[in-house]
Amino acid sequence: RWYLILGENVRWWARKYFEFIGPIPSFTEEEVPDRTKARHELGVDDETKAIIISLGGTRAGKELISIAKYLRDEISKYFNDVKVFLASGPRAGLNVNSLDGVEVINKPYSLYEVIAGADCVITLAGLTTVTELLVLGIPAILLPLKGHYEQEENARMAMSIRDGFIIADLDGVDPRELAIYVKQLLSMPRPKQMRDLLKNSEKVALSVLDVLNG
């Protein structure tokens, strides 16, 4: 049986037949990383501002490599101790071995374990990463891929439910603009963790059981 749904009927139909639960984190309550331990792994103390640039799982984030050193130098004008890290996803195929004044995270890692120790993150707007940032309470600059509806919607969603997010344009990214945004986020109180999202996987399981049980 096929249904043709047009115009505003789509919204009505979705609300009637679908239950929106929200994003599901990639880790459980028991796996939430300890921030102190995460910062120790990064080699930073309480006074250091740790900025992580996540290049994502594809080559789309390669433009961010060239701005890393400029960003560190610029932010260092306002804060005494700043460390910038580059985190490249396993499928990105980006050969980043060293960059003057910037630490490259080469060891195997789960991104949420790394960003748990960050004071600010610069990243694309994939749903998994955005959800991890929400749960962990980490401020971030989101750079959704142009014309990528999901990433653009993820960024809008994040900003609508919590402070500590800024959306910027990945195409022709301006390092001076990013530096201003980073300084702004580092000067704000750290957002609260949204640990309620950790319950979403259980909600999905219970909803599936309800459907299967009729």
# chains A, B, ... in the order shown; residues from 1 in each chain; ligands from 1

call {"tool": "residues_around", "arguments": {"residues": "A:Pro25", "least_positions_apart": "4", "cutoff": "10 Å", "atoms": "only C-alpha atoms", "output": "JSON, numbers by chain"}}
result
{"A": [29, 112, 127, 128, 129, 130, 131, 132, 133, 134, 135, 195, 197, 198, 199, 200, 201]}

call {"tool": "residues_around", "arguments": {"residues": "A:Val182", "least_positions_apart": "4", "cutoff": "8 Å", "atoms": "only C-alpha atoms", "output": "PyMOL selection string"}}
result
chain A and resi 75+120+141+178+186

call {"tool": "write_last_selection", "arguments": {"atoms": "all heavy atoms", "output": "compact mmCIF listing (two decimals), in the first residue's frame"}}
result
# COMPACT_ATOMS: atom_id res chain seq x y z
N ILE A 75 44.69 33.42 19.93
CA ILE A 75 44.05 33.22 21.23
C ILE A 75 45.04 33.43 22.37
O ILE A 75 44.68 33.86 23.47
CB ILE A 75 43.41 31.82 21.30
CG1 ILE A 75 42.32 31.68 20.24
CG2 ILE A 75 42.81 31.56 22.68
CD1 ILE A 75 41.22 32.70 20.34
N CYS A 120 37.00 24.30 24.36
CA CYS A 120 36.28 24.73 23.16
C CYS A 120 36.63 23.76 22.03
O CYS A 120 37.76 23.30 21.93
CB CYS A 120 36.67 26.16 22.78
SG CYS A 120 35.83 26.78 21.30
N ILE A 141 32.24 25.67 18.14
CA ILE A 141 31.93 26.35 16.88
C ILE A 141 31.58 25.25 15.88
O ILE A 141 32.40 24.35 15.63
CB ILE A 141 33.12 27.18 16.38
CG1 ILE A 141 33.45 28.27 17.40
CG2 ILE A 141 32.81 27.80 15.02
CD1 ILE A 141 34.77 28.96 17.15
N LEU A 178 37.00 33.03 13.31
CA LEU A 178 37.01 31.90 14.23
C LEU A 178 37.70 32.26 15.55
O LEU A 178 37.25 31.86 16.62
CB LEU A 178 37.72 30.69 13.61
CG LEU A 178 36.94 29.88 12.57
CD1 LEU A 178 37.73 28.64 12.18
CD2 LEU A 178 35.57 29.49 13.09
N LEU A 186 35.37 30.98 25.15
CA LEU A 186 36.26 30.75 26.28
C LEU A 186 35.98 31.73 27.43
O LEU A 186 36.34 31.44 28.58
CB LEU A 186 37.72 30.88 25.85
CG LEU A 186 38.26 29.79 24.92
CD1 LEU A 186 39.71 30.10 24.53
CD2 LEU A 186 38.17 28.42 25.58

call {"tool": "atom_distance", "arguments": {"atom1": "atom CA of A:Met159", "atom2": "atom CA of A:Ala116"}}
result
19.2 Å

call {"tool": "closest_residue", "arguments": {"among": "A:Val10, A:Asp81, A:Val104, A:Glu19", "to": "A:Leu206", "atoms": "only C-alpha atoms"}}
result
A:Glu19

call {"tool": "closest_residue", "arguments": {"among": "A:Ile24, A:Val82, A:Leu212, A:Ala140", "to": "A:Ala50", "atoms": "only C-alpha atoms"}}
result
A:Val82

call {"tool": "select_by_dssp", "arguments": {"residues": "stretch 50-207 of chain A", "states": "alpha helix (DSSP H)", "output": "PyMOL selection string"}}
result
chain A and resi 68-75+111-115+127-136+149-161+175-186+200-207

call {"tool": "residues_around", "arguments": {"residues": "A:Leu185", "least_positions_apart": "4", "cutoff": "9 Å", "atoms": "only C-alpha atoms", "output": "list of chain:residue names"}}
result
A:Asp119, A:Cys120, A:Pro139, A:Ala140, A:Ile141, A:Gly164, A:Phe165, A:Ile166, A:Ile180, A:Tyr181, A:Pro189, A:Arg190

call {"tool": "atom_distance", "arguments": {"atom1": "atom CA of A:Phe27", "atom2": "atom CA of A:Val114"}}
result
13.2 Å

call {"tool": "select_by_dssp", "arguments": {"residues": "chain A", "states": "strand (DSSP E or B)", "output": "number ranges by chain"}}
result
A: 49-56, 82-88, 99, 102-105, 120-123, 140-142, 165-167

call {"tool": "decode", "arguments": {"residues": "stretch 193-205 of chain A", "atoms": "all heavy atoms", "output": "mmCIF file, in the first residue's frame"}}
result
data_model
loop_
_atom_site.group_PDB
_atom_site.id
_atom_site.type_symbol
_atom_site.label_atom_id
_atom_site.label_comp_id
_atom_site.auth_asym_id
_atom_site.auth_seq_id
_atom_site.Cartn_x
_atom_site.Cartn_y
_atom_site.Cartn_z
ATOM 1 N N GLN A 193 25.936 20.099 31.400
ATOM 2 C CA GLN A 193 25.842 18.832 30.684
ATOM 3 C C GLN A 193 24.372 18.443 30.523
ATOM 4 O O GLN A 193 23.564 18.651 31.426
ATOM 5 C CB GLN A 193 26.582 17.725 31.433
ATOM 6 C CG GLN A 193 28.078 17.948 31.543
ATOM 7 C CD GLN A 193 28.778 16.793 32.232
ATOM 8 O OE1 GLN A 193 28.159 15.971 32.892
ATOM 9 N NE2 GLN A 193 30.091 16.731 32.086
ATOM 10 N N MET A 194 24.048 17.875 29.365
ATOM 11 C CA MET A 194 22.681 17.423 29.105
ATOM 12 C C MET A 194 22.639 15.894 29.175
ATOM 13 O O MET A 194 22.481 15.202 28.173
ATOM 14 C CB MET A 194 22.201 17.941 27.751
ATOM 15 C CG MET A 194 22.131 19.451 27.671
ATOM 16 S SD MET A 194 21.422 20.041 26.110
ATOM 17 C CE MET A 194 19.738 19.415 26.249
ATOM 18 N N ARG A 195 22.784 15.380 30.377
ATOM 19 C CA ARG A 195 22.873 13.929 30.557
ATOM 20 C C ARG A 195 21.541 13.219 30.333
ATOM 21 O O ARG A 195 21.519 11.993 30.200
ATOM 22 C CB ARG A 195 23.426 13.603 31.942
ATOM 23 C CG ARG A 195 24.886 14.001 32.112
ATOM 24 C CD ARG A 195 25.556 13.150 33.149
ATOM 25 N NE ARG A 195 26.960 13.463 33.294
ATOM 26 C CZ ARG A 195 27.832 12.679 33.902
ATOM 27 N NH1 ARG A 195 27.432 11.530 34.422
ATOM 28 N NH2 ARG A 195 29.094 13.016 34.011
ATOM 29 N N ASP A 196 20.452 13.967 30.304
ATOM 30 C CA ASP A 196 19.162 13.337 30.036
ATOM 31 C C ASP A 196 19.145 12.654 28.668
ATOM 32 O O ASP A 196 18.392 11.701 28.454
ATOM 33 C CB ASP A 196 18.036 14.378 30.096
ATOM 34 C CG ASP A 196 17.641 14.722 31.527
ATOM 35 O OD1 ASP A 196 18.147 14.046 32.452
ATOM 36 O OD2 ASP A 196 16.855 15.656 31.720
ATOM 37 N N LEU A 197 19.975 13.135 27.747
ATOM 38 C CA LEU A 197 20.033 12.527 26.414
ATOM 39 C C LEU A 197 20.524 11.078 26.483
ATOM 40 O O LEU A 197 20.261 10.285 25.578
ATOM 41 C CB LEU A 197 20.960 13.338 25.500
ATOM 42 C CG LEU A 197 20.502 14.765 25.158
ATOM 43 C CD1 LEU A 197 21.542 15.454 24.283
ATOM 44 C CD2 LEU A 197 19.158 14.740 24.451
ATOM 45 N N LEU A 198 21.235 10.738 27.556
ATOM 46 C CA LEU A 198 21.734 9.373 27.705
ATOM 47 C C LEU A 198 20.601 8.369 27.893
ATOM 48 O O LEU A 198 20.800 7.162 27.745
ATOM 49 C CB LEU A 198 22.711 9.291 28.878
ATOM 50 C CG LEU A 198 24.026 10.060 28.695
ATOM 51 C CD1 LEU A 198 24.741 10.227 30.029
ATOM 52 C CD2 LEU A 198 24.929 9.352 27.693
ATOM 53 N N LYS A 199 19.412 8.864 28.212
ATOM 54 C CA LYS A 199 18.255 7.978 28.398
ATOM 55 C C LYS A 199 17.547 7.655 27.083
ATOM 56 O O LYS A 199 16.633 6.820 27.061
ATOM 57 C CB LYS A 199 17.263 8.632 29.365
ATOM 58 C CG LYS A 199 17.833 8.942 30.736
ATOM 59 C CD LYS A 199 16.824 9.698 31.588
ATOM 60 C CE LYS A 199 17.406 10.072 32.952
ATOM 61 N NZ LYS A 199 16.450 10.879 33.759
ATOM 62 N N ASN A 200 17.950 8.308 25.998
ATOM 63 C CA ASN A 200 17.222 8.157 24.738
ATOM 64 C C ASN A 200 17.313 6.759 24.144
ATOM 65 O O ASN A 200 16.365 6.279 23.514
ATOM 66 C CB ASN A 200 17.700 9.195 23.723
ATOM 67 C CG ASN A 200 17.156 10.577 24.028
ATOM 68 O OD1 ASN A 200 16.298 10.734 24.891
ATOM 69 N ND2 ASN A 200 17.653 11.582 23.328
ATOM 70 N N SER A 201 18.457 6.094 24.322
ATOM 71 C CA SER A 201 18.582 4.739 23.768
ATOM 72 C C SER A 201 17.595 3.796 24.454
ATOM 73 O O SER A 201 16.999 2.917 23.810
ATOM 74 C CB SER A 201 20.009 4.224 23.927
ATOM 75 O OG SER A 201 20.417 4.269 25.288
ATOM 76 N N GLU A 202 17.401 3.981 25.758
ATOM 77 C CA GLU A 202 16.424 3.162 26.489
ATOM 78 C C GLU A 202 15.002 3.462 26.005
ATOM 79 O O GLU A 202 14.179 2.554 25.866
ATOM 80 C CB GLU A 202 16.531 3.423 27.983
ATOM 81 C CG GLU A 202 15.569 2.596 28.825
ATOM 82 C CD GLU A 202 15.679 2.895 30.309
ATOM 83 O OE1 GLU A 202 16.587 3.655 30.689
ATOM 84 O OE2 GLU A 202 14.854 2.367 31.071
ATOM 85 N N LYS A 203 14.733 4.747 25.725
ATOM 86 C CA LYS A 203 13.412 5.121 25.221
ATOM 87 C C LYS A 203 13.125 4.456 23.878
ATOM 88 O O LYS A 203 12.008 4.002 23.624
ATOM 89 C CB LYS A 203 13.321 6.646 25.069
ATOM 90 C CG LYS A 203 13.337 7.409 26.385
ATOM 91 C CD LYS A 203 13.290 8.907 26.132
ATOM 92 C CE LYS A 203 13.363 9.701 27.425
ATOM 93 N NZ LYS A 203 13.367 11.163 27.181
ATOM 94 N N VAL A 204 14.150 4.388 23.024
ATOM 95 C CA VAL A 204 13.985 3.734 21.723
ATOM 96 C C VAL A 204 13.667 2.259 21.913
ATOM 97 O O VAL A 204 12.747 1.704 21.286
ATOM 98 C CB VAL A 204 15.260 3.907 20.862
ATOM 99 C CG1 VAL A 204 15.178 3.028 19.624
ATOM 100 C CG2 VAL A 204 15.436 5.359 20.465
ATOM 101 N N ALA A 205 14.423 1.609 22.780
ATOM 102 C CA ALA A 205 14.213 0.182 23.028
ATOM 103 C C ALA A 205 12.800 -0.090 23.539
ATOM 104 O O ALA A 205 12.126 -1.041 23.089
ATOM 105 C CB ALA A 205 15.251 -0.332 24.017
#
